[in-house]
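Here is entry_38.txt, consisting of compact mmCIF, N, CA and C atoms:
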# COMPACT_ATOMS: atom_id res chain seq x y z
N MET H 1 -104.89 67.44 62.77
CA MET H 1 -103.57 66.82 62.83
C MET H 1 -103.21 66.55 64.30
N ALA H 2 -102.54 65.45 64.51
CA ALA H 2 -102.17 65.04 65.87
C ALA H 2 -101.09 65.97 66.43
N LYS H 3 -101.08 66.08 67.73
CA LYS H 3 -100.11 66.94 68.39
C LYS H 3 -98.90 66.11 68.80
N PHE H 4 -97.70 66.67 68.61
CA PHE H 4 -96.47 65.97 68.96
C PHE H 4 -96.22 66.07 70.46
N THR H 5 -95.99 64.93 71.07
CA THR H 5 -95.60 64.90 72.48
C THR H 5 -94.34 64.04 72.57
N TYR H 6 -93.34 64.60 73.19
CA TYR H 6 -92.07 63.90 73.37
C TYR H 6 -92.15 63.14 74.69
N ASN H 7 -92.01 61.83 74.62
CA ASN H 7 -92.23 61.02 75.82
C ASN H 7 -91.12 61.17 76.85
N MET H 8 -90.00 61.79 76.48
CA MET H 8 -88.91 62.00 77.44
C MET H 8 -88.71 63.48 77.76
N GLN H 9 -89.78 64.25 77.62
CA GLN H 9 -89.70 65.69 77.88
C GLN H 9 -89.32 65.98 79.32
N SER H 10 -89.78 65.16 80.25
CA SER H 10 -89.44 65.38 81.66
C SER H 10 -87.93 65.22 81.88
N VAL H 11 -87.32 64.26 81.19
CA VAL H 11 -85.87 64.08 81.29
C VAL H 11 -85.15 65.30 80.73
N LEU H 12 -85.63 65.79 79.59
CA LEU H 12 -85.04 66.98 78.98
C LEU H 12 -85.16 68.18 79.92
N ASN H 13 -86.30 68.32 80.57
CA ASN H 13 -86.48 69.42 81.52
C ASN H 13 -85.49 69.31 82.68
N ILE H 14 -85.27 68.09 83.15
CA ILE H 14 -84.30 67.88 84.23
C ILE H 14 -82.90 68.26 83.75
N LYS H 15 -82.58 67.92 82.51
CA LYS H 15 -81.26 68.25 81.96
C LYS H 15 -81.08 69.76 81.89
N TYR H 16 -82.15 70.49 81.54
CA TYR H 16 -82.07 71.95 81.54
C TYR H 16 -81.78 72.47 82.95
N LYS H 17 -82.49 71.92 83.93
CA LYS H 17 -82.29 72.36 85.31
C LYS H 17 -80.88 72.04 85.80
N MET H 18 -80.40 70.85 85.46
CA MET H 18 -79.05 70.47 85.87
C MET H 18 -78.01 71.40 85.24
N GLU H 19 -78.22 71.73 83.97
CA GLU H 19 -77.29 72.64 83.30
C GLU H 19 -77.30 74.01 83.97
N ASN H 20 -78.47 74.49 84.31
CA ASN H 20 -78.56 75.79 84.99
C ASN H 20 -77.87 75.76 86.35
N GLN H 21 -78.03 74.67 87.08
CA GLN H 21 -77.35 74.54 88.37
C GLN H 21 -75.84 74.53 88.19
N GLU H 22 -75.36 73.85 87.17
CA GLU H 22 -73.92 73.80 86.91
C GLU H 22 -73.40 75.17 86.48
N LYS H 23 -74.21 75.92 85.74
CA LYS H 23 -73.81 77.29 85.36
C LYS H 23 -73.65 78.16 86.61
N ILE H 24 -74.58 78.00 87.53
CA ILE H 24 -74.51 78.77 88.78
C ILE H 24 -73.28 78.37 89.58
N ALA H 25 -73.03 77.06 89.67
CA ALA H 25 -71.87 76.58 90.42
C ALA H 25 -70.57 77.08 89.77
N TYR H 26 -70.54 77.09 88.46
CA TYR H 26 -69.36 77.57 87.73
C TYR H 26 -69.14 79.06 88.00
N ALA H 27 -70.22 79.83 87.95
CA ALA H 27 -70.12 81.27 88.21
C ALA H 27 -69.65 81.53 89.64
N ASN H 28 -70.15 80.74 90.58
CA ASN H 28 -69.72 80.90 91.98
C ASN H 28 -68.24 80.56 92.13
N ALA H 29 -67.79 79.51 91.46
CA ALA H 29 -66.38 79.12 91.54
C ALA H 29 -65.50 80.20 90.93
N GLN H 30 -65.95 80.77 89.83
CA GLN H 30 -65.17 81.85 89.22
C GLN H 30 -65.12 83.07 90.14
N ALA H 31 -66.22 83.38 90.77
CA ALA H 31 -66.26 84.53 91.69
C ALA H 31 -65.29 84.30 92.85
N LYS H 32 -65.28 83.09 93.38
CA LYS H 32 -64.35 82.77 94.47
C LYS H 32 -62.91 82.89 94.00
N LEU H 33 -62.62 82.43 92.80
CA LEU H 33 -61.27 82.54 92.25
C LEU H 33 -60.87 84.01 92.13
N ARG H 34 -61.75 84.83 91.60
CA ARG H 34 -61.44 86.27 91.47
C ARG H 34 -61.19 86.90 92.85
N LYS H 35 -61.98 86.49 93.83
CA LYS H 35 -61.81 87.01 95.19
C LYS H 35 -60.45 86.62 95.75
N GLU H 36 -60.06 85.37 95.56
CA GLU H 36 -58.76 84.89 96.05
C GLU H 36 -57.61 85.58 95.32
N GLU H 37 -57.77 85.79 94.01
CA GLU H 37 -56.72 86.49 93.25
C GLU H 37 -56.59 87.93 93.71
N GLU H 38 -57.72 88.56 94.00
CA GLU H 38 -57.70 89.95 94.49
C GLU H 38 -57.00 90.02 95.84
N LYS H 39 -57.26 89.05 96.69
CA LYS H 39 -56.61 88.99 98.00
C LYS H 39 -55.10 88.83 97.82
N LEU H 40 -54.69 87.99 96.89
CA LEU H 40 -53.27 87.80 96.59
C LEU H 40 -52.65 89.11 96.12
N ASN H 41 -53.34 89.82 95.26
CA ASN H 41 -52.82 91.11 94.78
C ASN H 41 -52.69 92.12 95.93
N GLN H 42 -53.64 92.10 96.84
CA GLN H 42 -53.56 93.00 98.00
C GLN H 42 -52.34 92.68 98.86
N TYR H 43 -52.07 91.39 99.05
CA TYR H 43 -50.88 90.99 99.81
C TYR H 43 -49.60 91.45 99.11
N ARG H 44 -49.57 91.32 97.81
CA ARG H 44 -48.39 91.75 97.06
C ARG H 44 -48.18 93.25 97.18
N GLU H 45 -49.29 93.99 97.08
CA GLU H 45 -49.19 95.45 97.22
C GLU H 45 -48.72 95.83 98.62
N ARG H 46 -49.19 95.12 99.60
CA ARG H 46 -48.78 95.39 100.98
C ARG H 46 -47.29 95.11 101.17
N ARG H 47 -46.81 94.02 100.57
CA ARG H 47 -45.39 93.70 100.66
C ARG H 47 -44.57 94.80 100.00
N LEU H 48 -45.03 95.27 98.83
CA LEU H 48 -44.33 96.37 98.17
C LEU H 48 -44.32 97.63 99.04
N PHE H 49 -45.43 97.87 99.72
CA PHE H 49 -45.50 99.01 100.62
C PHE H 49 -44.42 98.89 101.69
N TYR H 50 -44.30 97.73 102.32
CA TYR H 50 -43.28 97.52 103.36
C TYR H 50 -41.87 97.63 102.79
N GLU H 51 -41.67 97.11 101.59
CA GLU H 51 -40.34 97.20 100.97
C GLU H 51 -39.97 98.65 100.69
N ASN H 52 -40.93 99.42 100.16
CA ASN H 52 -40.68 100.83 99.88
C ASN H 52 -40.46 101.62 101.18
N LYS H 53 -41.23 101.28 102.18
CA LYS H 53 -41.07 101.94 103.47
C LYS H 53 -39.69 101.64 104.04
N MET H 54 -39.25 100.40 103.90
CA MET H 54 -37.93 100.01 104.41
C MET H 54 -36.82 100.75 103.65
N ARG H 55 -36.97 100.86 102.34
CA ARG H 55 -35.98 101.61 101.55
C ARG H 55 -35.91 103.07 102.01
N GLY H 56 -37.10 103.63 102.24
CA GLY H 56 -37.15 105.01 102.71
C GLY H 56 -36.49 105.17 104.06
N LYS H 57 -36.68 104.23 104.95
CA LYS H 57 -36.07 104.28 106.28
C LYS H 57 -34.55 104.11 106.19
N MET H 58 -34.10 103.33 105.23
CA MET H 58 -32.67 103.08 105.09
C MET H 58 -31.93 104.31 104.55
N GLU H 59 -32.65 105.14 103.79
CA GLU H 59 -32.03 106.34 103.24
C GLU H 59 -31.89 107.44 104.28
N LYS H 60 -32.75 107.43 105.26
CA LYS H 60 -32.71 108.44 106.32
C LYS H 60 -31.84 107.93 107.46
N LYS H 61 -31.97 108.58 108.55
CA LYS H 61 -31.27 108.16 109.76
C LYS H 61 -31.73 106.75 110.11
N LEU H 62 -30.80 105.86 110.36
CA LEU H 62 -31.14 104.47 110.63
C LEU H 62 -31.93 104.34 111.92
N ASP H 63 -33.09 103.78 111.77
CA ASP H 63 -33.96 103.48 112.91
C ASP H 63 -34.14 101.96 112.91
N VAL H 64 -33.38 101.29 113.76
CA VAL H 64 -33.34 99.83 113.77
C VAL H 64 -34.71 99.24 114.04
N ARG H 65 -35.43 99.83 114.94
CA ARG H 65 -36.76 99.31 115.27
C ARG H 65 -37.69 99.40 114.06
N ALA H 66 -37.69 100.52 113.36
CA ALA H 66 -38.55 100.68 112.18
C ALA H 66 -38.13 99.71 111.08
N LEU H 67 -36.81 99.53 110.89
CA LEU H 67 -36.33 98.58 109.89
C LEU H 67 -36.76 97.16 110.25
N TYR H 68 -36.67 96.83 111.54
CA TYR H 68 -37.08 95.50 111.99
C TYR H 68 -38.57 95.29 111.73
N GLU H 69 -39.40 96.30 112.04
CA GLU H 69 -40.84 96.19 111.81
C GLU H 69 -41.16 96.02 110.33
N CYS H 70 -40.47 96.78 109.49
CA CYS H 70 -40.67 96.65 108.04
C CYS H 70 -40.27 95.26 107.56
N ASN H 71 -39.13 94.78 108.07
CA ASN H 71 -38.66 93.46 107.68
C ASN H 71 -39.65 92.38 108.13
N GLN H 72 -40.17 92.53 109.34
CA GLN H 72 -41.18 91.58 109.83
C GLN H 72 -42.43 91.63 108.95
N GLY H 73 -42.83 92.84 108.59
CA GLY H 73 -44.00 92.99 107.71
C GLY H 73 -43.78 92.31 106.37
N ILE H 74 -42.58 92.47 105.83
CA ILE H 74 -42.25 91.83 104.55
C ILE H 74 -42.31 90.31 104.68
N GLU H 75 -41.76 89.78 105.75
CA GLU H 75 -41.75 88.33 105.96
C GLU H 75 -43.18 87.79 106.14
N ILE H 76 -43.96 88.52 106.90
CA ILE H 76 -45.35 88.10 107.09
C ILE H 76 -46.10 88.10 105.77
N MET H 77 -45.88 89.13 104.95
CA MET H 77 -46.54 89.21 103.65
C MET H 77 -46.05 88.10 102.71
N LYS H 78 -44.75 87.76 102.78
CA LYS H 78 -44.25 86.65 101.97
C LYS H 78 -44.96 85.35 102.32
N ASP H 79 -45.11 85.11 103.62
CA ASP H 79 -45.82 83.90 104.07
C ASP H 79 -47.29 83.94 103.62
N ALA H 80 -47.89 85.11 103.78
CA ALA H 80 -49.29 85.25 103.38
C ALA H 80 -49.44 85.05 101.87
N ILE H 81 -48.51 85.55 101.09
CA ILE H 81 -48.55 85.39 99.63
C ILE H 81 -48.41 83.93 99.26
N THR H 82 -47.48 83.23 99.91
CA THR H 82 -47.30 81.80 99.64
C THR H 82 -48.58 81.04 99.95
N SER H 83 -49.15 81.33 101.10
CA SER H 83 -50.40 80.67 101.49
C SER H 83 -51.53 81.02 100.52
N GLN H 84 -51.59 82.28 100.12
CA GLN H 84 -52.66 82.72 99.23
C GLN H 84 -52.52 82.12 97.84
N LYS H 85 -51.30 81.91 97.39
CA LYS H 85 -51.09 81.26 96.09
C LYS H 85 -51.69 79.86 96.11
N LYS H 86 -51.57 79.19 97.25
CA LYS H 86 -52.18 77.86 97.38
C LYS H 86 -53.70 77.95 97.31
N GLU H 87 -54.25 78.99 97.94
CA GLU H 87 -55.70 79.19 97.90
C GLU H 87 -56.17 79.48 96.47
N VAL H 88 -55.41 80.27 95.75
CA VAL H 88 -55.75 80.59 94.36
C VAL H 88 -55.71 79.31 93.52
N ALA H 89 -54.68 78.50 93.75
CA ALA H 89 -54.57 77.24 93.00
C ALA H 89 -55.74 76.32 93.32
N ARG H 90 -56.13 76.26 94.60
CA ARG H 90 -57.26 75.44 95.01
C ARG H 90 -58.55 75.96 94.36
N ALA H 91 -58.72 77.26 94.34
CA ALA H 91 -59.90 77.85 93.72
C ALA H 91 -59.91 77.57 92.21
N GLN H 92 -58.73 77.58 91.60
CA GLN H 92 -58.64 77.28 90.16
C GLN H 92 -59.04 75.83 89.88
N VAL H 93 -58.68 74.92 90.78
CA VAL H 93 -59.09 73.52 90.63
C VAL H 93 -60.61 73.41 90.68
N PHE H 94 -61.24 74.14 91.61
CA PHE H 94 -62.69 74.13 91.70
C PHE H 94 -63.33 74.69 90.43
N VAL H 95 -62.74 75.74 89.88
CA VAL H 95 -63.25 76.31 88.63
C VAL H 95 -63.14 75.28 87.51
N ASP H 96 -62.01 74.61 87.43
CA ASP H 96 -61.81 73.61 86.38
C ASP H 96 -62.81 72.46 86.53
N GLN H 97 -63.03 72.02 87.75
CA GLN H 97 -63.99 70.94 87.99
C GLN H 97 -65.41 71.40 87.63
N ALA H 98 -65.75 72.61 88.01
CA ALA H 98 -67.08 73.15 87.69
C ALA H 98 -67.24 73.27 86.18
N GLN H 99 -66.18 73.66 85.49
CA GLN H 99 -66.23 73.77 84.03
C GLN H 99 -66.47 72.40 83.40
N GLU H 100 -65.80 71.38 83.90
CA GLU H 100 -66.00 70.03 83.38
C GLU H 100 -67.43 69.55 83.61
N ARG H 101 -67.96 69.79 84.82
CA ARG H 101 -69.34 69.38 85.10
C ARG H 101 -70.32 70.14 84.21
N LEU H 102 -70.06 71.42 83.99
CA LEU H 102 -70.93 72.22 83.12
C LEU H 102 -70.88 71.68 81.70
N ASN H 103 -69.68 71.39 81.21
CA ASN H 103 -69.56 70.85 79.85
C ASN H 103 -70.31 69.53 79.72
N GLU H 104 -70.21 68.68 80.73
CA GLU H 104 -70.90 67.39 80.71
C GLU H 104 -72.41 67.59 80.70
N ALA H 105 -72.89 68.51 81.52
CA ALA H 105 -74.33 68.80 81.58
C ALA H 105 -74.81 69.34 80.24
N MET H 106 -74.00 70.18 79.61
CA MET H 106 -74.38 70.72 78.30
C MET H 106 -74.43 69.62 77.24
N LYS H 107 -73.47 68.70 77.29
CA LYS H 107 -73.48 67.57 76.35
C LYS H 107 -74.74 66.73 76.52
N GLU H 108 -75.08 66.44 77.76
CA GLU H 108 -76.28 65.64 78.03
C GLU H 108 -77.53 66.35 77.53
N ARG H 109 -77.61 67.65 77.79
CA ARG H 109 -78.78 68.41 77.32
C ARG H 109 -78.86 68.40 75.81
N LYS H 110 -77.74 68.63 75.16
CA LYS H 110 -77.73 68.65 73.70
C LYS H 110 -78.09 67.29 73.12
N THR H 111 -77.64 66.22 73.79
CA THR H 111 -77.99 64.87 73.34
C THR H 111 -79.49 64.66 73.40
N HIS H 112 -80.11 65.07 74.51
CA HIS H 112 -81.56 64.92 74.65
C HIS H 112 -82.32 65.84 73.69
N GLU H 113 -81.79 67.02 73.43
CA GLU H 113 -82.44 67.89 72.44
C GLU H 113 -82.39 67.25 71.06
N LYS H 114 -81.26 66.63 70.74
CA LYS H 114 -81.13 65.96 69.43
C LYS H 114 -82.10 64.79 69.34
N LEU H 115 -82.24 64.05 70.43
CA LEU H 115 -83.21 62.95 70.45
C LEU H 115 -84.63 63.47 70.24
N ARG H 116 -84.92 64.61 70.86
CA ARG H 116 -86.25 65.21 70.69
C ARG H 116 -86.45 65.64 69.24
N GLU H 117 -85.43 66.26 68.66
CA GLU H 117 -85.53 66.67 67.26
C GLU H 117 -85.75 65.46 66.35
N ASN H 118 -85.03 64.37 66.62
CA ASN H 118 -85.20 63.16 65.82
C ASN H 118 -86.60 62.60 65.96
N ALA H 119 -87.14 62.60 67.17
CA ALA H 119 -88.50 62.12 67.41
C ALA H 119 -89.51 63.00 66.70
N LEU H 120 -89.30 64.30 66.71
CA LEU H 120 -90.20 65.23 66.02
C LEU H 120 -90.15 64.98 64.51
N GLU H 121 -88.96 64.79 63.99
CA GLU H 121 -88.81 64.54 62.56
C GLU H 121 -89.51 63.23 62.17
N ALA H 122 -89.36 62.21 62.99
CA ALA H 122 -90.03 60.94 62.72
C ALA H 122 -91.55 61.12 62.78
N PHE H 123 -92.01 61.90 63.74
CA PHE H 123 -93.44 62.18 63.86
C PHE H 123 -93.97 62.89 62.61
N ILE H 124 -93.22 63.88 62.16
CA ILE H 124 -93.64 64.63 60.96
C ILE H 124 -93.67 63.71 59.75
N GLN H 125 -92.67 62.85 59.61
CA GLN H 125 -92.66 61.91 58.48
C GLN H 125 -93.85 60.95 58.55
N GLU H 126 -94.16 60.50 59.76
CA GLU H 126 -95.30 59.60 59.93
C GLU H 126 -96.60 60.31 59.58
N MET H 127 -96.74 61.57 60.00
CA MET H 127 -97.94 62.34 59.68
C MET H 127 -98.05 62.57 58.17
N ASN H 128 -96.93 62.88 57.53
CA ASN H 128 -96.93 63.07 56.08
C ASN H 128 -97.31 61.79 55.35
N ALA H 129 -96.77 60.67 55.82
CA ALA H 129 -97.09 59.38 55.21
C ALA H 129 -98.57 59.06 55.39
N GLN H 130 -99.09 59.32 56.58
CA GLN H 130 -100.51 59.07 56.85
C GLN H 130 -101.38 59.98 55.98
N GLU H 131 -101.01 61.23 55.86
CA GLU H 131 -101.76 62.18 55.03
C GLU H 131 -101.73 61.74 53.57
N SER H 132 -100.57 61.30 53.11
CA SER H 132 -100.42 60.83 51.73
C SER H 132 -101.31 59.61 51.50
N LYS H 133 -101.36 58.72 52.47
CA LYS H 133 -102.19 57.53 52.36
C LYS H 133 -103.66 57.91 52.28
N GLU H 134 -104.07 58.87 53.13
CA GLU H 134 -105.47 59.32 53.12
C GLU H 134 -105.83 59.97 51.79
N ILE H 135 -104.92 60.73 51.23
CA ILE H 135 -105.16 61.37 49.93
C ILE H 135 -105.30 60.31 48.84
N ASP H 136 -104.41 59.31 48.89
CA ASP H 136 -104.48 58.22 47.91
C ASP H 136 -105.81 57.49 48.01
N GLU H 137 -106.28 57.21 49.24
CA GLU H 137 -107.55 56.53 49.43
C GLU H 137 -108.70 57.38 48.92
N LEU H 138 -108.64 58.69 49.17
CA LEU H 138 -109.68 59.60 48.70
C LEU H 138 -109.71 59.65 47.18
N VAL H 139 -108.55 59.73 46.55
CA VAL H 139 -108.47 59.76 45.09
C VAL H 139 -109.00 58.43 44.52
N SER H 140 -108.64 57.32 45.14
CA SER H 140 -109.11 56.01 44.67
C SER H 140 -110.62 55.92 44.83
N TYR H 141 -111.16 56.41 45.93
CA TYR H 141 -112.59 56.37 46.15
C TYR H 141 -113.31 57.23 45.12
N ASN H 142 -112.79 58.46 44.91
CA ASN H 142 -113.41 59.35 43.90
C ASN H 142 -113.32 58.76 42.51
N TYR H 143 -112.23 58.11 42.17
CA TYR H 143 -112.07 57.50 40.85
C TYR H 143 -113.03 56.34 40.68
N ALA H 144 -113.17 55.53 41.76
CA ALA H 144 -114.08 54.39 41.70
C ALA H 144 -115.51 54.86 41.63
N SER H 145 -115.85 55.95 42.31
CA SER H 145 -117.20 56.48 42.29
C SER H 145 -117.54 57.08 40.93
N ALA H 146 -116.57 57.65 40.27
CA ALA H 146 -116.78 58.30 38.97
C ALA H 146 -116.98 57.29 37.86
N THR H 147 -116.45 56.11 37.98
CA THR H 147 -116.58 55.13 36.90
C THR H 147 -117.74 54.23 37.05

Could the structure of this file be written out as structure tokens, please?
Amino acid sequence: MAKFTYNMQSVLNIKYKMENQEKIAYANAQAKLRKEEEKLNQYRERRLFYENKMRGKMEKKLDVRALYECNQGIEIMKDAITSQKKEVARAQVFVDQAQERLNEAMKERKTHEKLRENALEAFIQEMNAQESKEIDELVSYNYASAT
């Protein structure tokens, strides 16, 4: 029996490689997003630390310098949080774009896999038809030889 060879196998292999590259890019984008979100959480925790420290200083003997430093720390953290929120949003856009590219690569791969399956099915039908024809010829030959 003849062996099936898909004439676009090299294209399918490229689609597999492209999909794997997009998976890696997506994973990297997600990792960057998690890193940026973690940084944002650290800034928020730091701001809370300064706010709690300021409350503690206000309950004790008023130390204007310490209150000023805490207030400055809070303001700096507010600015850092605002800036970091933008970074998180930017990282989320990259994740979304990577997800779209990955989905597109997966669609292309699946399309080529379906084409390969269709080609294989056509090949099998052709082989079955050829085998059936050979059997019919053999039966006809044996019948003609017997008579």

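Rounded to one decimal, atom C of H:Glu19 and atom CA of H:Ala31 lie 17.1 Å from each other.
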
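Shortest separation to H:Met77 among H:Gln92, H:Asn103, H:Gln42, H:Ser10 occurs at residue H:Gln42, atoms counted being only C-alpha atoms.
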
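Across H:Tyr141, H:Arg90, H:Ser132, H:Ala146, the tightest approach to H:Gln30 is made by H:Arg90 when counting only C-alpha atoms.
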
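Picture a line from atom CA of H:Val88 to atom N of H:Asn20; it runs 25.6 Å.
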
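Of the residues under consideration (H:Arg34, H:Arg47, H:Lys17, H:Lys57), H:Arg47 shows the shortest atom-to-atom contact distance to H:Ile74 when counting all atoms listed in the file.
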
How far is it from atom N of H:Leu67 to atom CA of H:Leu48, in Å with one decimal?
15.1 Å

Spatial neighbours of H:Asn7, max dist 12 Å, only C-alpha atoms, sep filter under 6 positions, as a ChimeraX atom specification
/H:13,112,115-116,119-120

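All polymer residues at most 7 Å from (-46.7, 96.9, 106.1), using all atoms listed in the file, appear as H:Arg46, H:Arg47, H:Phe49, H:Tyr50, H:Glu51, H:Cys70, H:Gly73, H:Ile74.
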